[in-house]
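Engineer: Just input09.txt, nothing more (compact mmCIF, C-alpha atoms and all ligand atoms):
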# COMPACT_ATOMS: atom_id res chain seq x y z
CA MET T 1 96.38 113.24 102.78
CA PRO T 2 95.52 109.75 101.49
CA GLU T 3 92.52 108.49 103.44
CA LEU T 4 91.25 104.90 103.68
CA PRO T 5 89.37 105.05 100.33
CA GLU T 6 92.50 106.22 98.50
CA VAL T 7 94.51 103.42 100.10
CA GLU T 8 91.86 100.87 99.09
CA THR T 9 91.83 102.32 95.57
CA THR T 10 95.64 102.14 95.47
CA LEU T 11 95.43 98.46 96.40
CA ARG T 12 92.97 97.79 93.58
CA GLY T 13 94.96 99.94 91.17
CA ILE T 14 98.33 98.21 91.64
CA GLU T 15 97.27 94.64 92.46
CA PRO T 16 96.61 93.33 88.93
CA HIS T 17 100.00 94.62 87.74
CA ILE T 18 102.35 93.14 90.31
CA LEU T 19 101.04 89.84 91.70
CA ASN T 20 103.05 86.67 91.02
CA LYS T 21 105.66 88.46 88.90
CA GLU T 22 109.34 87.92 89.66
CA ILE T 23 110.96 90.89 91.39
CA THR T 24 114.32 91.67 89.79
CA SER T 25 115.46 94.63 91.87
CA VAL T 26 114.46 97.06 94.60
CA ASN T 27 115.95 100.54 94.25
CA ILE T 28 115.75 102.66 97.37
CA ARG T 29 117.01 106.14 96.53
CA GLN T 30 115.83 107.78 99.75
CA PRO T 31 115.59 105.56 102.86
CA SER T 32 114.72 108.42 105.24
CA LEU T 33 110.97 108.06 105.50
CA ARG T 34 109.07 108.26 108.78
CA TRP T 35 111.14 105.28 109.87
CA SER T 36 114.37 104.44 108.10
CA VAL T 37 113.72 101.93 105.32
CA PRO T 38 115.58 98.63 106.04
CA THR T 39 117.14 98.60 102.58
CA ASN T 40 119.25 95.44 102.82
CA LEU T 41 116.51 93.40 104.46
CA ILE T 42 113.86 94.41 101.93
CA GLN T 43 116.21 93.73 98.99
CA LYS T 44 117.21 90.35 100.43
CA LYS T 45 113.59 89.32 101.00
CA LEU T 46 112.15 90.55 97.71
CA VAL T 47 114.72 90.10 94.93
CA LYS T 48 113.99 86.86 92.99
CA ASN T 49 110.75 86.54 94.96
CA THR T 50 107.14 87.48 94.14
CA PHE T 51 104.17 89.12 95.82
CA SER T 52 101.43 86.56 96.38
CA GLY T 53 98.74 88.94 97.62
CA ILE T 54 97.94 92.44 98.85
CA THR T 55 95.69 93.33 101.75
CA ARG T 56 94.89 96.52 103.62
CA ARG T 57 94.77 97.09 107.37
CA GLY T 58 93.54 100.59 108.16
CA LYS T 59 95.69 102.79 105.96
CA TYR T 60 98.54 100.26 105.77
CA LEU T 61 99.08 98.17 102.66
CA LEU T 62 100.47 94.68 103.25
CA LEU T 63 102.22 93.11 100.27
CA GLN T 64 102.69 89.43 101.06
CA SER T 65 105.75 87.51 100.01
CA SER T 66 106.74 84.04 101.28
CA GLN T 67 104.45 84.28 104.34
CA GLU T 68 106.00 87.61 105.32
CA SER T 69 104.89 91.14 104.44
CA LEU T 70 106.13 94.47 103.17
CA ILE T 71 104.23 97.18 105.06
CA ILE T 72 103.62 100.39 103.12
CA HIS T 73 101.97 103.54 104.48
CA LEU T 74 101.47 106.56 102.23
CA GLY T 75 101.90 109.06 105.07
CA MET T 76 100.80 112.61 104.35
CA SER T 77 101.62 112.83 100.67
CA GLY T 78 102.69 109.43 99.38
CA SER T 79 101.47 107.55 96.33
CA LEU T 80 102.21 104.37 94.44
CA ARG T 81 101.95 104.01 90.70
CA ILE T 82 102.76 101.49 88.01
CA SER T 83 105.35 102.51 85.48
CA LYS T 84 106.92 100.80 82.51
CA GLU T 85 109.21 103.65 81.60
CA GLU T 86 111.90 105.79 83.17
CA ASP T 87 109.73 108.73 84.09
CA LEU T 88 111.58 109.37 87.32
CA LYS T 89 110.63 112.49 89.24
CA LYS T 90 112.14 114.31 92.18
CA HIS T 91 110.26 112.64 95.01
CA ASP T 92 110.17 109.10 93.59
CA HIS T 93 112.05 107.43 96.43
CA ILE T 94 111.57 103.70 95.85
CA ASP T 95 111.16 101.41 92.81
CA ILE T 96 110.28 97.74 92.91
CA CYS T 97 111.13 96.34 89.47
CA PHE T 98 109.63 93.18 87.96
CA SER T 99 110.93 90.82 85.28
CA ASP T 100 108.41 92.01 82.67
CA GLY T 101 109.60 95.62 82.97
CA THR T 102 106.82 96.75 85.31
CA ILE T 103 107.94 99.16 88.01
CA LEU T 104 106.01 99.80 91.21
CA ARG T 105 107.10 103.33 92.08
CA TYR T 106 106.68 105.08 95.43
CA CYS T 107 106.61 108.88 95.54
CA ASP T 108 106.43 110.83 98.80
CA PRO T 109 107.36 114.55 98.81
CA ARG T 110 106.93 114.98 102.57
CA ARG T 111 108.44 111.59 103.51
CA PHE T 112 105.99 110.75 106.31
CA GLY T 113 105.19 107.38 104.76
CA CYS T 114 106.79 104.04 105.58
CA PHE T 115 108.30 100.96 103.95
CA LEU T 116 108.92 98.28 106.59
CA TRP T 117 109.18 94.51 106.70
CA THR T 118 107.44 92.10 109.07
CA GLU T 119 107.32 88.35 109.57
CA ASN T 120 103.93 88.72 111.23
CA PRO T 121 101.67 91.75 110.71
CA ASP T 122 99.47 90.76 113.68
CA THR T 123 102.29 91.42 116.13
CA HIS T 124 103.96 94.37 114.39
CA PHE T 125 104.09 97.51 116.52
CA LEU T 126 102.25 99.61 113.97
CA LEU T 127 99.43 97.11 113.53
CA LYS T 128 98.92 95.11 116.72
CA ASP T 129 96.75 97.65 118.55
CA LEU T 130 94.58 98.68 115.64
CA GLY T 131 90.82 98.64 116.16
CA PRO T 132 88.34 97.02 113.78
CA GLU T 133 87.98 97.87 110.11
CA PRO T 134 85.07 100.27 109.54
CA LEU T 135 83.93 98.15 106.59
CA GLY T 136 84.34 94.86 108.45
CA ASN T 137 81.86 92.83 110.48
CA HIS T 138 83.02 94.02 113.90
CA PHE T 139 82.25 97.69 113.45
CA ASN T 140 78.86 99.10 114.43
CA GLY T 141 77.15 101.50 116.82
CA GLU T 142 77.28 99.01 119.66
CA HIS T 143 81.08 98.82 119.39
CA LEU T 144 81.43 102.61 119.47
CA PHE T 145 78.93 103.02 122.30
CA ALA T 146 80.57 100.36 124.47
CA LEU T 147 84.06 101.86 124.10
CA SER T 148 82.86 105.44 124.59
CA ARG T 149 81.40 105.07 128.09
CA LYS T 150 83.07 107.38 130.63
CA ARG T 151 85.24 108.91 127.92
CA LYS T 152 85.51 112.67 128.09
CA MET T 153 87.38 113.18 124.85
CA PRO T 154 85.54 114.95 122.03
CA ILE T 155 83.63 112.46 119.90
CA LYS T 156 85.55 113.58 116.83
CA ASN T 157 88.86 112.54 118.40
CA PHE T 158 87.24 109.34 119.63
CA ILE T 159 86.22 108.16 116.15
CA MET T 160 89.58 109.25 114.69
CA ASN T 161 91.45 107.11 117.23
CA SER T 162 92.77 104.05 115.37
CA LYS T 163 92.46 101.91 118.51
CA ILE T 164 88.68 102.51 118.38
CA VAL T 165 88.25 102.12 114.63
CA VAL T 166 90.83 102.42 111.86
CA GLY T 167 90.87 104.71 108.86
CA VAL T 168 88.45 107.47 109.87
CA GLY T 169 90.41 110.61 109.00
CA ASN T 170 89.47 114.25 109.47
CA ILE T 171 87.31 114.48 106.35
CA TYR T 172 85.23 111.40 107.13
CA ALA T 173 84.93 112.18 110.84
CA SER T 174 83.70 115.71 110.07
CA GLU T 175 81.25 114.59 107.42
CA ALA T 176 79.92 111.59 109.36
CA LEU T 177 79.31 113.77 112.44
CA PHE T 178 77.39 116.22 110.26
CA ALA T 179 75.31 113.42 108.72
CA ALA T 180 74.55 112.01 112.19
CA LYS T 181 73.81 115.53 113.52
CA ILE T 182 76.35 115.38 116.34
CA ARG T 183 78.56 118.35 117.33
CA PRO T 184 82.25 117.27 116.98
CA SER T 185 83.17 118.70 120.38
CA CYS T 186 80.63 116.56 122.33
CA LYS T 187 82.14 114.34 124.98
CA ALA T 188 82.17 110.79 123.57
CA GLY T 189 80.74 109.36 126.79
CA ARG T 190 77.63 111.54 126.63
CA VAL T 191 76.45 110.65 123.15
CA PRO T 192 73.51 108.22 123.27
CA ARG T 193 73.44 104.73 121.81
CA LYS T 194 71.03 105.56 118.97
CA LYS T 195 73.32 108.33 117.79
CA TYR T 196 76.24 105.89 117.70
CA ASP T 197 74.18 103.53 115.54
CA LEU T 198 73.54 106.36 113.11
CA LEU T 199 77.14 107.56 113.23
CA ALA T 200 78.52 104.09 112.45
CA GLN T 201 76.12 103.78 109.51
CA GLU T 202 77.17 107.17 108.16
CA ILE T 203 80.89 106.36 108.45
CA VAL T 204 80.35 103.14 106.47
CA LYS T 205 78.20 104.91 103.88
CA LEU T 206 80.72 107.71 103.31
CA LEU T 207 83.67 105.34 102.99
CA ARG T 208 81.78 103.03 100.59
CA GLU T 209 80.69 105.95 98.40
CA SER T 210 84.23 107.24 98.28
CA ILE T 211 85.69 103.83 97.38
CA LYS T 212 83.08 103.51 94.64
CA GLN T 213 84.09 106.90 93.29
CA GLY T 214 87.76 105.87 93.46
CA GLY T 215 86.97 102.98 91.12
CA THR T 216 86.72 105.49 88.29
CA THR T 217 90.35 106.54 88.86
CA LEU T 218 91.96 103.08 88.65
CA ARG T 219 93.58 103.75 85.27
CA ASP T 220 95.43 106.73 86.81
CA PHE T 221 97.72 104.24 88.51
CA VAL T 222 99.33 103.07 85.29
CA GLY T 223 101.93 104.80 83.15
CA GLY T 224 102.76 108.40 82.46
CA ASN T 225 104.11 111.06 84.73
CA ASN T 226 100.98 111.78 86.68
CA GLN T 227 100.52 110.75 90.27
CA PRO T 228 97.33 108.88 91.05
CA GLY T 229 94.93 111.62 92.05
CA TYR T 230 93.12 111.90 95.33
CA PHE T 231 89.49 112.06 94.37
CA LYS T 232 87.23 114.88 95.37
CA GLN T 233 84.58 114.09 97.92
CA SER T 234 81.31 115.97 97.90
CA LEU T 235 81.71 117.74 101.21
CA LYS T 236 79.02 119.32 103.38
CA VAL T 237 81.11 120.77 106.21
CA TYR T 238 84.81 119.87 105.82
CA GLY T 239 86.71 122.92 104.55
CA ARG T 240 83.48 124.99 104.34
CA GLU T 241 83.94 127.25 107.39
CA GLY T 242 82.20 130.58 106.80
CA GLU T 243 79.96 129.20 104.04
CA ASP T 244 76.25 128.43 104.33
CA CYS T 245 75.01 125.02 105.45
CA TYR T 246 73.36 123.28 102.49
CA ASP T 247 70.61 121.95 104.75
CA CYS T 248 69.63 125.02 106.82
CA SER T 249 71.60 128.05 105.56
CA PHE T 250 73.26 128.73 108.94
CA GLU T 251 76.95 129.62 108.71
CA ILE T 252 79.33 126.65 109.03
CA LYS T 253 81.61 127.24 112.02
CA GLY T 254 85.19 126.17 112.57
CA GLN T 255 86.77 125.02 115.80
CA ARG T 256 90.10 123.46 116.63
CA ILE T 257 89.70 120.09 118.31
CA GLY T 258 92.84 118.14 119.17
CA GLN T 259 94.93 120.45 116.93
CA ARG T 260 92.72 119.73 113.92
CA ALA T 261 90.38 122.08 112.14
CA SER T 262 86.82 120.93 112.71
CA ALA T 263 83.87 122.31 110.80
CA TYR T 264 80.27 121.93 111.88
CA CYS T 265 76.83 123.47 111.51
CA PRO T 266 75.74 124.96 114.86
CA ASN T 267 72.10 124.53 113.87
CA CYS T 268 72.08 120.99 112.45
CA GLN T 269 74.54 119.37 114.86
CA SER T 270 73.40 118.92 118.47
CA ILE T 271 75.32 118.99 121.73
CA PHE T 272 74.76 116.08 124.11
ZN ZN O 1 72.79 123.26 109.05
Translate the structure of the given file into structure tokens.

Structural biologist:
Amino acid sequence: MPELPEVETTLRGIEPHILNKEITSVNIRQPSLRWSVPTNLIQKKLVKNTFSGITRRGKYLLLQSSQESLIIHLGMSGSLRISKEEDLKKHDHIDICFSDGTILRYCDPRRFGCFLWTENPDTHFLLKDLGPEPLGNHFNGEHLFALSRKRKMPIKNFIMNSKIVVGVGNIYASEALFAAKIRPSCKAGRVPRKKYDLLAQEIVKLLRESIKQGGTTLRDFVGGNNQPGYFKQSLKVYGREGEDCYDCSFEIKGQRIGQRASAYCPNCQSIF
């Protein structure tokens, strides 16, 4: 699943190829994504127009055009790439074509992504309740600690809740909890302030490292038949159930928390 670093890398990968170019057509071959794509509206808004900027909010990409925005989410399996040739594949559902022949092509085999239009992202139902950006100025241990008081939910679910902080998916939650030595099943309200400071730092560190690594894949976004790859993280617990902890050699355990597989080291990660 594309996580925040992949979405940020997608932004950087496509941005230089599409800004300020005239859009000549929008071809929507499959409008049945997570929400039905408003084909006529998007075509009316975009054809003969341009994108003036791209930003990211959580895992949503916002492509600005005439003060309004196209909202794109990659869902479980989506990707965007730049194409100059007709290399159409089975799950390529949407093309945005530009006057110089560039095509921004959206592929999404599982169709959990979205393509929507908004006049104001701040009030859009998908975006209005989102918590702070983990790499922004409003995210830190104090923020997490303050919102966690009296909460009984497992800390892993707490940090994966986009109202608390956006863009912390299963991989980053698992790895950050390992780095901060906190058991994922701990009740959020019982974890002390100092641990939240450490946890916030580790989330930021992991995301930054991953975005840096993604920088080496930027050329994958242009041309050819390949989808932009999702880069491999160096993982210490995620997906390592049954293997030895790199730090202490205890066996990494797995547990289901909120319907998600959660891996942790029972020796390194404390219960509070
Ligand atoms: Zn360990």

Engineer: Using only C-alpha atoms and all ligand atoms, which protein or nucleic acid residues are at most 8 Å from ligand ZN 1 (chain O), as a PDB file with C-alpha atoms, in the frame of the given file?

Structural biologist:
ATOM      1  CA  ASP T 244      76.250 128.430 104.330  1.00  0.00           C
ATOM      2  CA  CYS T 245      75.010 125.020 105.450  1.00  0.00           C
ATOM      3  CA  TYR T 246      73.360 123.280 102.490  1.00  0.00           C
ATOM      4  CA  ASP T 247      70.610 121.950 104.750  1.00  0.00           C
ATOM      5  CA  CYS T 248      69.630 125.020 106.820  1.00  0.00           C
ATOM      6  CA  SER T 249      71.600 128.050 105.560  1.00  0.00           C
ATOM      7  CA  PHE T 250      73.260 128.730 108.940  1.00  0.00           C
ATOM      8  CA  GLU T 251      76.950 129.620 108.710  1.00  0.00           C
ATOM      9  CA  ILE T 252      79.330 126.650 109.030  1.00  0.00           C
ATOM     10  CA  CYS T 265      76.830 123.470 111.510  1.00  0.00           C
ATOM     11  CA  PRO T 266      75.740 124.960 114.860  1.00  0.00           C
ATOM     12  CA  ASN T 267      72.100 124.530 113.870  1.00  0.00           C
ATOM     13  CA  CYS T 268      72.080 120.990 112.450  1.00  0.00           C
ATOM     14  CA  GLN T 269      74.540 119.370 114.860  1.00  0.00           C
TER      15      GLN T 269
END

Engineer: Between T:Thr102, T:Ser270, T:Ser77, T:Ser162, which is the closest to T:Leu130 once you count only C-alpha atoms?

Structural biologist: T:Ser162

Engineer: At a cut-off of 12 Å, can you tabulate as CSV every residue of stretch 4-55 of chain T near stretch 134-138 of chain T together with its closest atom pair and the distance in Å to one decimal, using all atoms listed in the file and ordering rows by chain then number?

Structural biologist:
residue,atom,partner,partner_atom,distance
T:Leu4,CA,T:Pro134,CA,9.7
T:Pro5,CA,T:Leu135,CA,10.8
T:Glu8,CA,T:Leu135,CA,11.2

Engineer: For the residues selected in the previous step, produce a file with C-alpha atoms as an mmCIF file, in the frame of the given file.

Structural biologist:
data_model
loop_
_atom_site.group_PDB
_atom_site.id
_atom_site.type_symbol
_atom_site.label_atom_id
_atom_site.label_comp_id
_atom_site.auth_asym_id
_atom_site.auth_seq_id
_atom_site.Cartn_x
_atom_site.Cartn_y
_atom_site.Cartn_z
ATOM 1 C CA LEU T 4 91.250 104.900 103.680
ATOM 2 C CA PRO T 5 89.370 105.050 100.330
ATOM 3 C CA GLU T 8 91.860 100.870 99.090
#

Engineer: So, counting only C-alpha atoms, which residue among T:Gly131, T:Arg111, T:Phe272, T:Thr55 is closest to T:Lys152?

Structural biologist: T:Phe272

Engineer: Neighbours of T:Pro38 within 10 Å (only C-alpha atoms; same-chain residues fewer than 3 positions away dropped), as a PyMOL selection string?

Structural biologist: chain T and resi 28+31-32+35+41-43+115-117

Engineer: Could you turn the residues from that selection into a file that holds C-alpha atoms, as a PDB file, keeping the file's coordinate frame?

Structural biologist:
ATOM      1  CA  ILE T  28     115.750 102.660  97.370  1.00  0.00           C
ATOM      2  CA  PRO T  31     115.590 105.560 102.860  1.00  0.00           C
ATOM      3  CA  SER T  32     114.720 108.420 105.240  1.00  0.00           C
ATOM      4  CA  TRP T  35     111.140 105.280 109.870  1.00  0.00           C
ATOM      5  CA  LEU T  41     116.510  93.400 104.460  1.00  0.00           C
ATOM      6  CA  ILE T  42     113.860  94.410 101.930  1.00  0.00           C
ATOM      7  CA  GLN T  43     116.210  93.730  98.990  1.00  0.00           C
ATOM      8  CA  PHE T 115     108.300 100.960 103.950  1.00  0.00           C
ATOM      9  CA  LEU T 116     108.920  98.280 106.590  1.00  0.00           C
ATOM     10  CA  TRP T 117     109.180  94.510 106.700  1.00  0.00           C
TER      11      TRP T 117
END

Engineer: If you measure from atom CA of T:Met153 to atom CA of T:Glu243, what distance in Å do you get, rounded to one decimal?

Structural biologist: 27.3 Å

Engineer: Hey, could you patch up stretch 93-104 of chain T with all heavy atoms and hand it over as a tab-separated table (two decimals), in the coordinates of the input?

Structural biologist:
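File produced: part_11.tsv:
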chain	number	residue	atom	x	y	z
T	93	HIS	N	110.99	107.92	95.55
T	93	HIS	CA	112.05	107.43	96.43
T	93	HIS	C	112.35	105.94	96.28
T	93	HIS	O	113.45	105.50	96.58
T	93	HIS	CB	111.69	107.71	97.89
T	93	HIS	CG	111.49	109.17	98.17
T	93	HIS	ND1	112.35	110.14	97.71
T	93	HIS	CD2	110.51	109.83	98.84
T	93	HIS	CE1	111.93	111.33	98.10
T	93	HIS	NE2	110.82	111.17	98.78
T	94	ILE	N	111.35	105.15	95.88
T	94	ILE	CA	111.57	103.70	95.85
T	94	ILE	C	110.93	103.10	94.59
T	94	ILE	O	109.82	103.44	94.22
T	94	ILE	CB	110.95	103.02	97.11
T	94	ILE	CG1	111.61	103.58	98.38
T	94	ILE	CG2	111.08	101.49	97.02
T	94	ILE	CD1	110.99	103.10	99.68
T	95	ASP	N	111.69	102.19	93.94
T	95	ASP	CA	111.16	101.41	92.81
T	95	ASP	C	111.26	99.93	93.15
T	95	ASP	O	112.31	99.47	93.61
T	95	ASP	CB	112.02	101.61	91.55
T	95	ASP	CG	111.80	102.95	90.88
T	95	ASP	OD1	110.87	103.69	91.27
T	95	ASP	OD2	112.58	103.25	89.95
T	96	ILE	N	110.19	99.20	92.90
T	96	ILE	CA	110.28	97.74	92.91
T	96	ILE	C	110.09	97.32	91.46
T	96	ILE	O	109.06	97.61	90.84
T	96	ILE	CB	109.20	97.11	93.83
T	96	ILE	CG1	109.44	97.59	95.28
T	96	ILE	CG2	109.25	95.58	93.75
T	96	ILE	CD1	108.42	97.08	96.29
T	97	CYS	N	111.12	96.66	90.90
T	97	CYS	CA	111.13	96.34	89.47
T	97	CYS	C	110.85	94.86	89.26
T	97	CYS	O	111.39	94.00	89.97
T	97	CYS	CB	112.49	96.69	88.86
T	97	CYS	SG	112.98	98.40	89.18
T	98	PHE	N	110.04	94.56	88.24
T	98	PHE	CA	109.63	93.18	87.96
T	98	PHE	C	110.20	92.73	86.62
T	98	PHE	O	110.55	93.56	85.77
T	98	PHE	CB	108.09	93.10	87.94
T	98	PHE	CG	107.47	93.47	89.27
T	98	PHE	CD1	107.20	94.80	89.58
T	98	PHE	CD2	107.17	92.50	90.21
T	98	PHE	CE1	106.64	95.16	90.80
T	98	PHE	CE2	106.61	92.85	91.44
T	98	PHE	CZ	106.34	94.18	91.74
T	99	SER	N	110.24	91.39	86.45
T	99	SER	CA	110.93	90.82	85.28
T	99	SER	C	110.29	91.22	83.95
T	99	SER	O	110.96	91.19	82.92
T	99	SER	CB	110.98	89.29	85.40
T	99	SER	OG	109.67	88.79	85.54
T	100	ASP	N	109.02	91.61	83.95
T	100	ASP	CA	108.41	92.01	82.67
T	100	ASP	C	108.56	93.50	82.39
T	100	ASP	O	107.95	94.03	81.47
T	100	ASP	CB	106.92	91.63	82.67
T	100	ASP	CG	106.11	92.46	83.66
T	100	ASP	OD1	106.72	93.12	84.53
T	100	ASP	OD2	104.87	92.45	83.56
T	101	GLY	N	109.37	94.19	83.20
T	101	GLY	CA	109.60	95.62	82.97
T	101	GLY	C	108.70	96.53	83.79
T	101	GLY	O	108.90	97.74	83.82
T	102	THR	N	107.69	95.94	84.44
T	102	THR	CA	106.82	96.75	85.31
T	102	THR	C	107.62	97.31	86.47
T	102	THR	O	108.47	96.64	87.04
T	102	THR	CB	105.68	95.86	85.87
T	102	THR	OG1	104.88	95.42	84.79
T	102	THR	CG2	104.81	96.64	86.86
T	103	ILE	N	107.33	98.55	86.82
T	103	ILE	CA	107.94	99.16	88.01
T	103	ILE	C	106.82	99.64	88.93
T	103	ILE	O	105.91	100.34	88.48
T	103	ILE	CB	108.83	100.37	87.65
T	103	ILE	CG1	109.96	99.96	86.69
T	103	ILE	CG2	109.41	101.03	88.90
T	103	ILE	CD1	110.70	101.15	86.09
T	104	LEU	N	106.90	99.24	90.20
T	104	LEU	CA	106.01	99.80	91.21
T	104	LEU	C	106.80	100.93	91.86
T	104	LEU	O	107.84	100.70	92.47
T	104	LEU	CB	105.61	98.75	92.26
T	104	LEU	CG	104.74	99.27	93.42
T	104	LEU	CD1	103.38	99.73	92.94
T	104	LEU	CD2	104.58	98.17	94.49
